[in-house]
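Asks: File start_1.txt follows (compact mmCIF, N, CA and C atoms):
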```txt
# COMPACT_ATOMS: atom_id res chain seq x y z
N MET A 22 91.81 99.62 76.31
CA MET A 22 93.23 99.92 76.19
C MET A 22 93.61 101.13 77.05
N LYS A 23 92.67 102.06 77.16
CA LYS A 23 92.95 103.27 77.94
C LYS A 23 93.19 102.93 79.41
N TRP A 24 92.46 101.95 79.93
CA TRP A 24 92.61 101.57 81.33
C TRP A 24 93.97 100.95 81.60
N PHE A 25 94.52 100.24 80.62
CA PHE A 25 95.84 99.64 80.79
C PHE A 25 96.89 100.72 81.02
N PHE A 26 96.87 101.76 80.20
CA PHE A 26 97.85 102.83 80.36
C PHE A 26 97.63 103.61 81.65
N LEU A 27 96.39 103.79 82.04
CA LEU A 27 96.10 104.49 83.29
C LEU A 27 96.60 103.68 84.49
N MET A 28 96.33 102.39 84.50
CA MET A 28 96.77 101.55 85.61
C MET A 28 98.29 101.41 85.62
N SER A 29 98.92 101.37 84.46
CA SER A 29 100.38 101.31 84.39
C SER A 29 100.99 102.59 84.94
N PHE A 30 100.37 103.72 84.63
CA PHE A 30 100.84 105.01 85.13
C PHE A 30 100.73 105.07 86.65
N ILE A 31 99.60 104.62 87.18
CA ILE A 31 99.40 104.65 88.63
C ILE A 31 100.37 103.69 89.32
N ALA A 32 100.58 102.52 88.73
CA ALA A 32 101.53 101.56 89.31
C ALA A 32 102.95 102.13 89.31
N ALA A 33 103.35 102.79 88.24
CA ALA A 33 104.68 103.38 88.18
C ALA A 33 104.84 104.48 89.22
N LEU A 34 103.81 105.27 89.43
CA LEU A 34 103.86 106.32 90.46
C LEU A 34 103.98 105.71 91.86
N MET A 35 103.28 104.62 92.10
CA MET A 35 103.35 103.96 93.41
C MET A 35 104.74 103.36 93.63
N ILE A 36 105.32 102.78 92.60
CA ILE A 36 106.67 102.23 92.72
C ILE A 36 107.67 103.35 92.96
N CYS A 37 107.51 104.48 92.28
CA CYS A 37 108.40 105.63 92.50
C CYS A 37 108.31 106.13 93.93
N ALA A 38 107.10 106.21 94.45
CA ALA A 38 106.93 106.66 95.84
C ALA A 38 107.56 105.66 96.82
N PHE A 39 107.41 104.36 96.55
CA PHE A 39 108.00 103.33 97.40
C PHE A 39 109.54 103.41 97.36
N LEU A 40 110.11 103.53 96.16
CA LEU A 40 111.56 103.64 96.04
C LEU A 40 112.08 104.90 96.71
N MET A 41 111.35 105.99 96.60
CA MET A 41 111.76 107.23 97.23
C MET A 41 111.77 107.08 98.75
N SER A 42 110.78 106.39 99.30
CA SER A 42 110.76 106.19 100.75
C SER A 42 111.92 105.29 101.19
N ILE A 43 112.27 104.29 100.39
CA ILE A 43 113.41 103.44 100.73
C ILE A 43 114.71 104.23 100.66
N ILE A 44 114.85 105.09 99.67
CA ILE A 44 116.06 105.92 99.55
C ILE A 44 116.19 106.84 100.76
N ILE A 45 115.11 107.48 101.16
CA ILE A 45 115.15 108.38 102.31
C ILE A 45 115.46 107.59 103.59
N PHE A 46 114.85 106.42 103.75
CA PHE A 46 115.10 105.60 104.94
C PHE A 46 116.55 105.13 104.98
N THR A 47 117.08 104.70 103.83
CA THR A 47 118.47 104.23 103.77
C THR A 47 119.44 105.35 104.08
N PHE A 48 119.20 106.50 103.51
CA PHE A 48 120.08 107.64 103.76
C PHE A 48 119.99 108.09 105.21
N ALA A 49 118.80 108.03 105.79
CA ALA A 49 118.63 108.46 107.18
C ALA A 49 119.27 107.49 108.16
N THR A 50 119.24 106.20 107.86
CA THR A 50 119.78 105.23 108.81
C THR A 50 121.26 104.95 108.60
N ARG A 51 121.73 104.93 107.37
CA ARG A 51 123.12 104.60 107.11
C ARG A 51 124.00 105.80 106.83
N GLY A 52 123.40 106.90 106.46
CA GLY A 52 124.18 108.09 106.13
C GLY A 52 124.98 107.89 104.85
N ALA A 53 126.21 108.36 104.84
CA ALA A 53 127.05 108.26 103.65
C ALA A 53 127.49 106.82 103.40
N GLY A 54 127.39 105.95 104.40
CA GLY A 54 127.77 104.55 104.23
C GLY A 54 126.85 103.79 103.30
N GLY A 55 125.65 104.28 103.09
CA GLY A 55 124.70 103.62 102.21
C GLY A 55 124.65 104.22 100.82
N ALA A 56 125.76 104.84 100.41
CA ALA A 56 125.77 105.52 99.11
C ALA A 56 125.58 104.56 97.95
N LYS A 57 126.13 103.36 98.04
CA LYS A 57 125.97 102.39 96.95
C LYS A 57 124.51 101.95 96.82
N VAL A 58 123.88 101.74 97.94
CA VAL A 58 122.47 101.34 97.93
C VAL A 58 121.61 102.47 97.38
N VAL A 59 121.90 103.69 97.82
CA VAL A 59 121.14 104.84 97.36
C VAL A 59 121.34 105.05 95.86
N LEU A 60 122.55 104.85 95.36
CA LEU A 60 122.80 104.99 93.94
C LEU A 60 122.04 103.94 93.13
N ALA A 61 122.06 102.69 93.60
CA ALA A 61 121.34 101.63 92.90
C ALA A 61 119.83 101.89 92.88
N LEU A 62 119.30 102.34 94.00
CA LEU A 62 117.88 102.64 94.07
C LEU A 62 117.53 103.87 93.24
N SER A 63 118.44 104.82 93.16
CA SER A 63 118.20 106.02 92.36
C SER A 63 118.12 105.69 90.87
N LEU A 64 118.93 104.74 90.42
CA LEU A 64 118.85 104.32 89.03
C LEU A 64 117.52 103.65 88.73
N GLN A 65 117.03 102.84 89.65
CA GLN A 65 115.72 102.23 89.49
C GLN A 65 114.62 103.29 89.50
N LEU A 66 114.77 104.27 90.38
CA LEU A 66 113.79 105.35 90.45
C LEU A 66 113.77 106.14 89.14
N LEU A 67 114.92 106.37 88.57
CA LEU A 67 115.01 107.07 87.29
C LEU A 67 114.29 106.27 86.20
N PHE A 68 114.49 104.96 86.17
CA PHE A 68 113.83 104.12 85.17
C PHE A 68 112.32 104.16 85.34
N PHE A 69 111.82 103.98 86.56
CA PHE A 69 110.38 103.98 86.76
C PHE A 69 109.77 105.36 86.58
N GLY A 70 110.53 106.41 86.85
CA GLY A 70 110.05 107.76 86.55
C GLY A 70 109.88 107.96 85.06
N TRP A 71 110.84 107.47 84.28
CA TRP A 71 110.75 107.55 82.82
C TRP A 71 109.56 106.72 82.33
N ALA A 72 109.36 105.54 82.91
CA ALA A 72 108.24 104.69 82.51
C ALA A 72 106.90 105.35 82.83
N ALA A 73 106.82 106.01 83.97
CA ALA A 73 105.58 106.71 84.33
C ALA A 73 105.30 107.85 83.36
N ARG A 74 106.34 108.56 82.96
CA ARG A 74 106.16 109.65 82.00
C ARG A 74 105.67 109.12 80.66
N GLU A 75 106.24 108.03 80.20
CA GLU A 75 105.84 107.45 78.92
C GLU A 75 104.41 106.90 78.99
N MET A 76 104.04 106.29 80.11
CA MET A 76 102.67 105.80 80.24
C MET A 76 101.68 106.96 80.27
N PHE A 77 102.06 108.07 80.90
CA PHE A 77 101.18 109.24 80.92
C PHE A 77 101.03 109.82 79.52
N ARG A 78 102.14 109.89 78.78
CA ARG A 78 102.06 110.39 77.40
C ARG A 78 101.21 109.48 76.53
N SER A 79 101.31 108.17 76.72
CA SER A 79 100.49 107.22 75.96
C SER A 79 99.02 107.34 76.35
N PHE A 80 98.78 107.53 77.64
CA PHE A 80 97.40 107.67 78.12
C PHE A 80 96.74 108.91 77.55
N LYS A 81 97.49 110.01 77.48
CA LYS A 81 96.94 111.26 76.95
C LYS A 81 96.64 111.15 75.46
N GLY A 82 97.41 110.35 74.72
CA GLY A 82 97.25 110.27 73.28
C GLY A 82 96.16 109.34 72.81
N ILE A 83 95.60 108.51 73.70
CA ILE A 83 94.58 107.54 73.31
C ILE A 83 93.23 108.25 73.14
N GLY A 84 92.58 107.95 72.06
CA GLY A 84 91.24 108.48 71.85
C GLY A 84 91.19 109.83 71.17
N LEU A 85 92.34 110.42 70.85
CA LEU A 85 92.30 111.72 70.20
C LEU A 85 91.93 111.63 68.73
N ASN A 86 92.25 110.51 68.08
CA ASN A 86 91.94 110.35 66.67
C ASN A 86 90.63 109.64 66.42
N GLU A 87 89.93 109.29 67.45
CA GLU A 87 88.66 108.55 67.29
C GLU A 87 87.50 109.48 67.09
```
Show this structure as structure tokens.
Replies:
Amino acid sequence: MKWFFLMSFIAALMICAFLMSIIIFTFATRGAGGAKVVLALSLQLLFFGWAAREMFRSFKGIGLNE
């Protein structure tokens, strides 16, 4: 079970890094014209950042009561 939370945490971090690179690329190429795209991607980034935090908290809590 511990490996599931670890792999979920790593996957969430990789998705966050990918979304961040897309946001930077969109802002660099479109400027202010890509504000809607950047906003939509930022909301996804916020969700996956929250998911990564929760997976990390779950990973830290496993095995403490054993």
Asks: According to DSSP computed on the backbone, where in chain A is there alpha helix (DSSP H)? Give the residues as a ChimeraX atom specification.
Replies: /A:23-51,56-82
Asks: To one decimal place, how far is atom CA of A:Lys23 from atom CA of A:Ala38 in Å?
Replies: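 Answer for the atom CA of A:Lys23 to atom CA of A:Ala38 separation: 23.0 Å.
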Asks: Mind giving me the straight-line distance from atom N of A:Arg51 to atom CA of A:Met35 in Å, one decimal?
Replies: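 Value for the atom N of A:Arg51-atom CA of A:Met35 distance: 23.1 Å.
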Asks: Output as AutoDock Vina command-line options the centre and edge lengths (Å, one decimal) of the box along x, y and z of the file that holds every listed atom of stretch 23-42 of chain A after adding 5 Å on each side.
Replies:
```
--center_x 102.3 --center_y 103.4 --center_z 89.2 --size_x 29.6 --size_y 17.6 --size_z 34.0
```
Asks: Just give me the gap between atom CA of A:Lys81 and atom C of A:Leu34 in Å, one decimal is fine.
Replies: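 Taking atom CA of A:Lys81 and atom C of A:Leu34, their separation equals 17.4 Å.
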Asks: Residues within 10 Å of A:Cys37, please, as a list in words. Count only C-alpha atoms; anything in the same chain fewer than 4 positions from it doesn't count.
Replies: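 Near neighbours after the sequence-gap exclusion: Ile31, Ala32, Ala33, Met41, Ser42, Ile43, Ser63, Gln65, Leu66, Leu67, Phe68, Phe69, Gly70 and Ala73 of chain A.
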Asks: Which polymer residues have any atom within 6.5 Å of an atom of stretch 77-80 of chain A, counting all atoms listed in the file, with same-chain residues fewer than 6 positions away left out, as a ChimeraX atom specification?
Replies: /A:23,26-27,30
